[in-house]
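Visitor: Got a structure for you, questions after.
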Amino acid sequence: FLEYCSGDNTTIVASSSGAASFLWSTGQTALSVTYTDTQNTISAIAVSDKGCKSVESSNILSTKMYARPSSPSITPNGSTEFCPDKSVTLTSGTSPKSYVWYLNKVILKDSIQQKITVNKAGIYGLQTTSPGPFNGSCYSVDTAKITLKVLDAPLTPSIFARSSTTFCDGGQVILEALAANVNVVKYSWRDESTKQDYATTANITITKSGRYSL
């Protein structure tokens, strides 16, 4: 009994004493054939070097073809470039029996769902599967791919006070952000006394007591 996935090339070999070739039920004449047909059986008649054919054909080999699932696609739920503290969810655009996800051609363990949430850079691949030969699986012919990039996070900044942080009522102090990176475009100041975001500029002017972080 022969089981195979659609598109597979399966070589079938016949043998018979004194046979120079074989006439297969597929119409091919050779010692072996590459079987890709969808018919349910295949058999062969032995042919001598003089062209004589065997009285009986070979045993009939039953075959069963399993259809491969459709090729998948991958859709991210956001940008494919994200910060180290973020993640992205990848979703397959097809709904077969199960899925096989890859990261840089290595199968991701326990990732057989339609969607996965990831936070690592690399090339993610996806194949879909459906029931296949001998209780196995047939894989989609194509592998969908998507490249994710994790952006560099800025280094921890420091705070510089341009004057004393102790001042009289009505006074003020300017706090300046000293960034370790040259590519910083925005800051996030926080008033720890109120647990509220305070500003996004490089410098802030403080006129009241409190605790501020950056």
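Chains: A, B, ... in order of the structure tokens. Residues: from 1 per chain. Ligands: from 1, in order shown.
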Excluding Cys138 (chain A) and residues on its chain fewer than 3 positions from it, collect all residues at most 6 Å away from it, counting only C-alpha atoms, and give them as a list in words.
Guide: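 Once the adjacent positions are removed, what remains is Cys5, Arg68, Thr129, Ser130 and Gly132 of chain A.
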Visitor: Keeping N, CA and C atoms, export the residues of the selection given above as a compact mmCIF listing (two decimals), in the first residue's frame.
Guide:
```txt
# COMPACT_ATOMS: atom_id res chain seq x y z
N CYS A 5 1.88 12.41 -0.35
CA CYS A 5 1.30 13.75 -0.42
C CYS A 5 1.29 14.20 -1.88
N ARG A 68 -2.15 18.41 -0.22
CA ARG A 68 -1.40 19.34 0.61
C ARG A 68 -2.26 20.56 0.94
N THR A 129 -0.01 22.44 7.76
CA THR A 129 -0.02 20.98 7.60
C THR A 129 -1.44 20.46 7.59
N SER A 130 -1.60 19.29 7.00
CA SER A 130 -2.88 18.59 6.96
C SER A 130 -2.60 17.10 7.10
N GLY A 132 -1.68 13.37 6.61
CA GLY A 132 -0.87 12.81 5.54
C GLY A 132 -0.68 11.31 5.66
```
Visitor: Mind listing the strand (DSSP E or B) residues of region 37-188 of chain A, per DSSP on the backbone, as number ranges by chain?
Guide: A: 41-42, 44-47, 53, 61-66, 74-76, 81-82, 88-92, 98-103, 106-107, 115-118, 122-131, 137-139, 144-150, 158-161, 173-178
Visitor: CA of Asp110 (chain A) to CA of Leu151 (chain A): how many Å, to one decimal?
Guide: 26.4 Å
Visitor: So that I can check the surroundings of Cys168 (chain A), please list as a list in words every protein, DNA and RNA residue that reaches within 12 Å of it, counting only C-alpha atoms and ignoring chain neighbours fewer than 6 positions away.
Guide: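 The residues satisfying every condition are Ile206, Thr207, Lys208 and Ser209 of chain A.
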Visitor: Would you mind listing what lies within 10 Å of region 7-24 of chain A as a ChimeraX atom specification, with only C-alpha atoms counted and same-chain residues fewer than 3 positions away left out?
Guide: /A:2-4,27-38,42-54,57-58,61,65-68,138,141
Visitor: For the residues in the current selection, export C-alpha atoms as a PDB file, in the first residue's frame.
Guide:
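Here's the written file result.pdb:
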```pdb
ATOM      1  CA  LEU A   2       1.448   3.358  -1.061  1.00  0.00           C
ATOM      2  CA  GLU A   3       0.468   6.642   0.577  1.00  0.00           C
ATOM      3  CA  TYR A   4       1.903  10.010  -0.425  1.00  0.00           C
ATOM      4  CA  GLY A  27       1.583   3.551 -19.669  1.00  0.00           C
ATOM      5  CA  GLN A  28       5.281   3.951 -18.847  1.00  0.00           C
ATOM      6  CA  THR A  29       7.895   1.395 -19.910  1.00  0.00           C
ATOM      7  CA  ALA A  30      10.899   1.141 -17.579  1.00  0.00           C
ATOM      8  CA  LEU A  31      12.410  -0.877 -14.769  1.00  0.00           C
ATOM      9  CA  SER A  32      11.096   1.716 -12.320  1.00  0.00           C
ATOM     10  CA  VAL A  33       8.679   4.629 -12.511  1.00  0.00           C
ATOM     11  CA  THR A  34       8.251   7.896 -10.716  1.00  0.00           C
ATOM     12  CA  TYR A  35       4.682   7.859  -9.520  1.00  0.00           C
ATOM     13  CA  THR A  36       2.790  11.136  -9.231  1.00  0.00           C
ATOM     14  CA  ASP A  37      -0.601  10.088 -10.564  1.00  0.00           C
ATOM     15  CA  THR A  38      -3.869  10.277  -8.650  1.00  0.00           C
ATOM     16  CA  ILE A  42      -0.642   0.643 -10.120  1.00  0.00           C
ATOM     17  CA  SER A  43       0.671  -2.645 -11.563  1.00  0.00           C
ATOM     18  CA  ALA A  44       3.219  -3.829 -14.113  1.00  0.00           C
ATOM     19  CA  ILE A  45       3.752  -6.525 -16.782  1.00  0.00           C
ATOM     20  CA  ALA A  46       7.258  -7.915 -17.288  1.00  0.00           C
ATOM     21  CA  VAL A  47       8.723  -7.575 -20.810  1.00  0.00           C
ATOM     22  CA  SER A  48      11.677  -9.663 -22.049  1.00  0.00           C
ATOM     23  CA  ASP A  49      14.476  -8.381 -24.251  1.00  0.00           C
ATOM     24  CA  LYS A  50      12.663 -10.023 -27.171  1.00  0.00           C
ATOM     25  CA  GLY A  51       9.457  -8.125 -26.443  1.00  0.00           C
ATOM     26  CA  CYS A  52       7.565 -11.034 -24.907  1.00  0.00           C
ATOM     27  CA  LYS A  53       5.217 -10.108 -22.069  1.00  0.00           C
ATOM     28  CA  SER A  54       4.452 -12.002 -18.903  1.00  0.00           C
ATOM     29  CA  SER A  57       0.634  -8.735 -14.331  1.00  0.00           C
ATOM     30  CA  SER A  58       2.283  -8.033 -11.019  1.00  0.00           C
ATOM     31  CA  LEU A  61      -0.280  -1.853  -5.537  1.00  0.00           C
ATOM     32  CA  MET A  65      -2.865  10.537  -2.283  1.00  0.00           C
ATOM     33  CA  TYR A  66      -3.324  13.187   0.422  1.00  0.00           C
ATOM     34  CA  ALA A  67      -3.856  16.765  -0.682  1.00  0.00           C
ATOM     35  CA  ARG A  68      -1.397  19.339   0.608  1.00  0.00           C
ATOM     36  CA  CYS A 138       1.503  16.813   4.436  1.00  0.00           C
ATOM     37  CA  VAL A 141       4.645  23.504  -0.661  1.00  0.00           C
TER      38      VAL A 141
END
```
Visitor: One decimal, in Å: what's the spacing between CA of Val185 (chain A) and CA of Leu214 (chain A)?
Guide: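 According to the coordinates, CA of Val185 (chain A) and CA of Leu214 (chain A) are separated by 13.9 Å.
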Visitor: Have a look at CA of Ile146 (chain A) and CA of Ser70 (chain A) and let me know their distance in Å, one decimal.
Guide: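 Taking CA of Ile146 (chain A) and CA of Ser70 (chain A), their separation equals 17.8 Å.
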